[in-house]
Amino acid sequence: MRLIAICGVLLTALIFASLAFGQSALIHQQILQTYNFQPHLLSSQEISQKSVVLDQFWSKAKADQSSYLPALRKELANFQNPSFFLYDGSMLLLSLSHESRDRKIVLAALPHCDLRDVQRKDYFEQVHYLATQNEDTTAAAFLILQQPKFQVIIPQHALTLGQDYALIYMLLPTDQNYWLQPAIDRLKVETDATAQQSLLRLLFYAQTQESDATISAFAADNSKPQTARKTAKEYSERKGKIDPASRVKALNVTEASLRQKRRERLRAVSDEALFDLDDFTMQLMAKRH
């Protein structure tokens, strides 16, 4: 009787496993059929038609989360899936789950999407949100380095962020250990002039011995573009131009507290937050030099 019971349990488990596999395969096919396009290649009318199909897929996922949540986690880890799914599916997963493990799945998928298919402000806001959760947004943020004209407009603050400050907003709210060395390594091989400028600005805000040395080395490298070298030289010389007010402010604060204040302040996207970023950074320079 015991053997029969065990066999019954195993048979039940196999049936459930088979059903789960079948459901997973079905969702995979839905994904391939739903996301068999790239928005930037479609007309406005075609995009409207596809939006209806996307809404239907989202509705199914929200109505049957027990099936779609594990399927989304699996499919977003498959970078052979359609590139627009890797973005839109990521947004769907974030709408269904607030777990850190799912944020990490999304951040692994986003670097494989095509930014031509995504509204830049939407991409910026999602990555910035993940940065405020102290997730490692490095790879997702670096994706914008592919687009020299990447720009985000924040109407409520009459603020326009170019590639440089968009990058800073997507990284500085996080643990600096996530992005510092990758930024140093990227600058060494980056050939695009705009991306070089963005990385130099990011490394200036890092305010570490390693970032200072990298900026100085870049400024002295004759193989680098003259404009970017000039920028690097200006950043290197700022430590000799610290204003007295910043030195006074820095007397009663610690370096660690200034770094934390910068991280917290950049949770807000505004011109006022950027002014405070510069103020805290000048105080940080005063503490370091």
# chains A, B, ... in the order shown; residues from 1 in each chain; ligands from 1

$ residues_around --residues "range 138-141 of chain A" --least-positions-apart "3" --cutoff "8 Å" --atoms "only C-alpha atoms" --output "PyMOL selection string"
chain A and resi 107-108+110-111+127+144-145+167+170-171+178-179+182

$ write_last_selection --atoms "all heavy atoms" --output "mmCIF file, in the first residue's frame"
data_model
loop_
_atom_site.group_PDB
_atom_site.id
_atom_site.type_symbol
_atom_site.label_atom_id
_atom_site.label_comp_id
_atom_site.auth_asym_id
_atom_site.auth_seq_id
_atom_site.Cartn_x
_atom_site.Cartn_y
_atom_site.Cartn_z
ATOM 1 N N LEU A 107 16.870 44.386 -14.529
ATOM 2 C CA LEU A 107 18.109 45.110 -14.811
ATOM 3 C C LEU A 107 19.086 44.288 -15.649
ATOM 4 O O LEU A 107 19.956 44.852 -16.312
ATOM 5 C CB LEU A 107 18.766 45.551 -13.503
ATOM 6 C CG LEU A 107 18.075 46.761 -12.857
ATOM 7 C CD1 LEU A 107 18.564 46.977 -11.439
ATOM 8 C CD2 LEU A 107 18.291 48.009 -13.704
ATOM 9 N N ALA A 108 18.931 42.976 -15.617
ATOM 10 C CA ALA A 108 19.737 42.130 -16.504
ATOM 11 C C ALA A 108 19.175 42.137 -17.920
ATOM 12 O O ALA A 108 19.926 42.020 -18.903
ATOM 13 C CB ALA A 108 19.786 40.704 -15.965
ATOM 14 N N LEU A 110 17.197 44.718 -19.395
ATOM 15 C CA LEU A 110 17.121 46.030 -20.035
ATOM 16 C C LEU A 110 18.296 46.349 -20.971
ATOM 17 O O LEU A 110 18.087 46.951 -22.034
ATOM 18 C CB LEU A 110 16.979 47.133 -18.982
ATOM 19 C CG LEU A 110 15.616 47.222 -18.294
ATOM 20 C CD1 LEU A 110 15.600 48.369 -17.293
ATOM 21 C CD2 LEU A 110 14.499 47.405 -19.316
ATOM 22 N N PRO A 111 19.525 45.981 -20.624
ATOM 23 C CA PRO A 111 20.633 46.300 -21.529
ATOM 24 C C PRO A 111 20.518 45.624 -22.890
ATOM 25 O O PRO A 111 21.256 45.996 -23.821
ATOM 26 C CB PRO A 111 21.869 45.790 -20.769
ATOM 27 C CG PRO A 111 21.469 45.799 -19.342
ATOM 28 C CD PRO A 111 20.019 45.420 -19.348
ATOM 29 N N VAL A 127 14.750 53.265 -14.882
ATOM 30 C CA VAL A 127 16.100 52.957 -14.374
ATOM 31 C C VAL A 127 16.407 53.819 -13.156
ATOM 32 O O VAL A 127 17.015 53.344 -12.190
ATOM 33 C CB VAL A 127 17.161 53.141 -15.477
ATOM 34 C CG1 VAL A 127 18.560 52.867 -14.924
ATOM 35 C CG2 VAL A 127 16.885 52.204 -16.653
ATOM 36 N N ILE A 144 22.525 53.954 -22.515
ATOM 37 C CA ILE A 144 22.275 55.252 -23.156
ATOM 38 C C ILE A 144 23.535 55.841 -23.761
ATOM 39 O O ILE A 144 23.448 56.800 -24.544
ATOM 40 C CB ILE A 144 21.618 56.255 -22.181
ATOM 41 C CG1 ILE A 144 22.618 56.761 -21.142
ATOM 42 C CG2 ILE A 144 20.389 55.656 -21.519
ATOM 43 C CD1 ILE A 144 22.100 57.926 -20.303
ATOM 44 N N LEU A 145 24.693 55.307 -23.441
ATOM 45 C CA LEU A 145 25.939 55.794 -24.040
ATOM 46 C C LEU A 145 25.972 55.505 -25.541
ATOM 47 O O LEU A 145 26.782 56.085 -26.269
ATOM 48 C CB LEU A 145 27.155 55.163 -23.354
ATOM 49 C CG LEU A 145 27.338 55.521 -21.874
ATOM 50 C CD1 LEU A 145 28.522 54.759 -21.291
ATOM 51 C CD2 LEU A 145 27.506 57.027 -21.686
ATOM 52 N N LEU A 167 22.711 59.970 -17.202
ATOM 53 C CA LEU A 167 23.580 58.902 -16.695
ATOM 54 C C LEU A 167 23.815 59.069 -15.202
ATOM 55 O O LEU A 167 23.741 58.100 -14.428
ATOM 56 C CB LEU A 167 24.911 58.920 -17.452
ATOM 57 C CG LEU A 167 25.908 57.807 -17.111
ATOM 58 C CD1 LEU A 167 25.415 56.462 -17.634
ATOM 59 C CD2 LEU A 167 27.291 58.123 -17.693
ATOM 60 N N MET A 170 20.862 58.076 -13.146
ATOM 61 C CA MET A 170 20.598 56.636 -13.130
ATOM 62 C C MET A 170 21.633 55.860 -12.331
ATOM 63 O O MET A 170 21.469 54.660 -12.120
ATOM 64 C CB MET A 170 20.536 56.100 -14.574
ATOM 65 C CG MET A 170 19.292 56.547 -15.321
ATOM 66 S SD MET A 170 19.036 55.665 -16.887
ATOM 67 C CE MET A 170 20.133 56.574 -17.946
ATOM 68 N N LEU A 171 22.692 56.541 -11.867
ATOM 69 C CA LEU A 171 23.752 55.836 -11.150
ATOM 70 C C LEU A 171 24.026 56.381 -9.746
ATOM 71 O O LEU A 171 24.230 55.609 -8.814
ATOM 72 C CB LEU A 171 25.058 55.867 -11.974
ATOM 73 C CG LEU A 171 25.038 55.039 -13.258
ATOM 74 C CD1 LEU A 171 26.308 55.262 -14.058
ATOM 75 C CD2 LEU A 171 24.870 53.557 -12.945
ATOM 76 N N TYR A 178 29.058 49.892 -7.165
ATOM 77 C CA TYR A 178 28.468 49.222 -8.321
ATOM 78 C C TYR A 178 29.095 49.717 -9.626
ATOM 79 O O TYR A 178 29.410 48.944 -10.516
ATOM 80 C CB TYR A 178 26.954 49.487 -8.401
ATOM 81 C CG TYR A 178 26.103 48.803 -7.365
ATOM 82 C CD1 TYR A 178 24.880 49.370 -6.982
ATOM 83 C CD2 TYR A 178 26.476 47.596 -6.776
ATOM 84 C CE1 TYR A 178 24.059 48.758 -6.044
ATOM 85 C CE2 TYR A 178 25.661 46.988 -5.836
ATOM 86 C CZ TYR A 178 24.458 47.579 -5.473
ATOM 87 O OH TYR A 178 23.642 46.975 -4.551
ATOM 88 N N TRP A 179 29.217 51.045 -9.736
ATOM 89 C CA TRP A 179 29.509 51.627 -11.045
ATOM 90 C C TRP A 179 30.883 52.259 -11.211
ATOM 91 O O TRP A 179 31.303 52.544 -12.339
ATOM 92 C CB TRP A 179 28.448 52.676 -11.403
ATOM 93 C CG TRP A 179 28.240 53.759 -10.383
ATOM 94 C CD1 TRP A 179 27.277 53.808 -9.425
ATOM 95 C CD2 TRP A 179 28.999 54.968 -10.223
ATOM 96 N NE1 TRP A 179 27.377 54.956 -8.677
ATOM 97 C CE2 TRP A 179 28.426 55.695 -9.149
ATOM 98 C CE3 TRP A 179 30.090 55.518 -10.885
ATOM 99 C CZ2 TRP A 179 28.921 56.925 -8.721
ATOM 100 C CZ3 TRP A 179 30.591 56.748 -10.461
ATOM 101 C CH2 TRP A 179 30.017 57.433 -9.393
ATOM 102 N N PRO A 182 33.436 49.927 -13.287
ATOM 103 C CA PRO A 182 32.931 49.799 -14.654
ATOM 104 C C PRO A 182 33.022 51.103 -15.453
ATOM 105 O O PRO A 182 33.306 51.081 -16.654
ATOM 106 C CB PRO A 182 31.474 49.374 -14.458
ATOM 107 C CG PRO A 182 31.489 48.617 -13.169
ATOM 108 C CD PRO A 182 32.471 49.367 -12.313
#

$ closest_atom_pairs --of "range 111-180 of chain A" --to "range 204-219 of chain A" --cutoff "9 Å" --atoms "only C-alpha atoms" --output "tab-separated table"
residue	atom	partner	partner_atom	distance
A:Ile168	CA	A:Tyr205	CA	8.5
A:Leu172	CA	A:Ala206	CA	8.4
A:Gln176	CA	A:Ala206	CA	7.5
A:Leu180	CA	A:Ala206	CA	7.2

$ residues_around --residues "Ser97 in chain A" --least-positions-apart "5" --cutoff "12 Å" --atoms "only C-alpha atoms" --output "number ranges by chain"
A: 61-62, 65-66, 68-70, 72-73, 90-92, 102-106

$ select_by_dssp --residues "range 140-202 of chain A" --states "helix (DSSP H, G or I)" --output "number ranges by chain"
A: 140-146, 155-157, 163-171, 176-189, 193-202

$ residues_around --residues "Trp58 in chain A" --least-positions-apart "5" --cutoff "9 Å" --atoms "only C-alpha atoms" --output "PyMOL selection string"
chain A and resi 53+63+89+92

$ write_last_selection --atoms "N, CA, C and O atoms" --output "mmCIF file, in the first residue's frame"
data_model
loop_
_atom_site.group_PDB
_atom_site.id
_atom_site.type_symbol
_atom_site.label_atom_id
_atom_site.label_comp_id
_atom_site.auth_asym_id
_atom_site.auth_seq_id
_atom_site.Cartn_x
_atom_site.Cartn_y
_atom_site.Cartn_z
ATOM 1 N N VAL A 53 -2.942 44.643 -28.890
ATOM 2 C CA VAL A 53 -2.421 43.294 -28.647
ATOM 3 C C VAL A 53 -1.604 43.256 -27.362
ATOM 4 O O VAL A 53 -1.725 42.321 -26.554
ATOM 5 N N ALA A 63 -4.323 38.837 -14.817
ATOM 6 C CA ALA A 63 -5.431 37.986 -14.389
ATOM 7 C C ALA A 63 -4.958 36.616 -13.923
ATOM 8 O O ALA A 63 -5.660 35.938 -13.169
ATOM 9 N N GLY A 89 8.195 43.579 -21.361
ATOM 10 C CA GLY A 89 8.000 42.491 -20.408
ATOM 11 C C GLY A 89 8.601 42.834 -19.059
ATOM 12 O O GLY A 89 8.072 42.438 -18.006
ATOM 13 N N LEU A 92 6.181 45.018 -17.332
ATOM 14 C CA LEU A 92 5.073 44.188 -16.850
ATOM 15 C C LEU A 92 5.459 43.488 -15.553
ATOM 16 O O LEU A 92 4.680 43.467 -14.583
#

$ atom_distance --atom1 "CA of Gln146 in chain A" --atom2 "CA of Val118 in chain A"
13.7 Å

$ closest_residue --among "A:Leu26, A:Tyr235, A:Asp221, A:Thr34" --to "Leu202 in chain A" --atoms "only C-alpha atoms"
A:Tyr235

$ atom_distance --atom1 "CA of Ser270 in chain A" --atom2 "CA of His289 in chain A"
28.7 Å

$ residues_around --residues "Arg262 in chain A" --least-positions-apart "2" --cutoff "12 Å" --atoms "only C-alpha atoms" --output "ChimeraX atom specification"
/A:132,168-169,171-176,205-207,255-260,264-268,273-284

$ closest_residue --among "A:Ala71, A:Ile154, A:Leu54, A:Leu143" --to "Leu93 in chain A" --atoms "only C-alpha atoms"
A:Ala71

$ atom_distance --atom1 "CA of Gly162 in chain A" --atom2 "CA of Phe150 in chain A"
6.1 Å

$ residues_around --residues "Lys121 in chain A" --least-positions-apart "4" --cutoff "8 Å" --atoms "only C-alpha atoms" --output "list in words"
Glu125, Gln151, Val152 and Ile153 of chain A
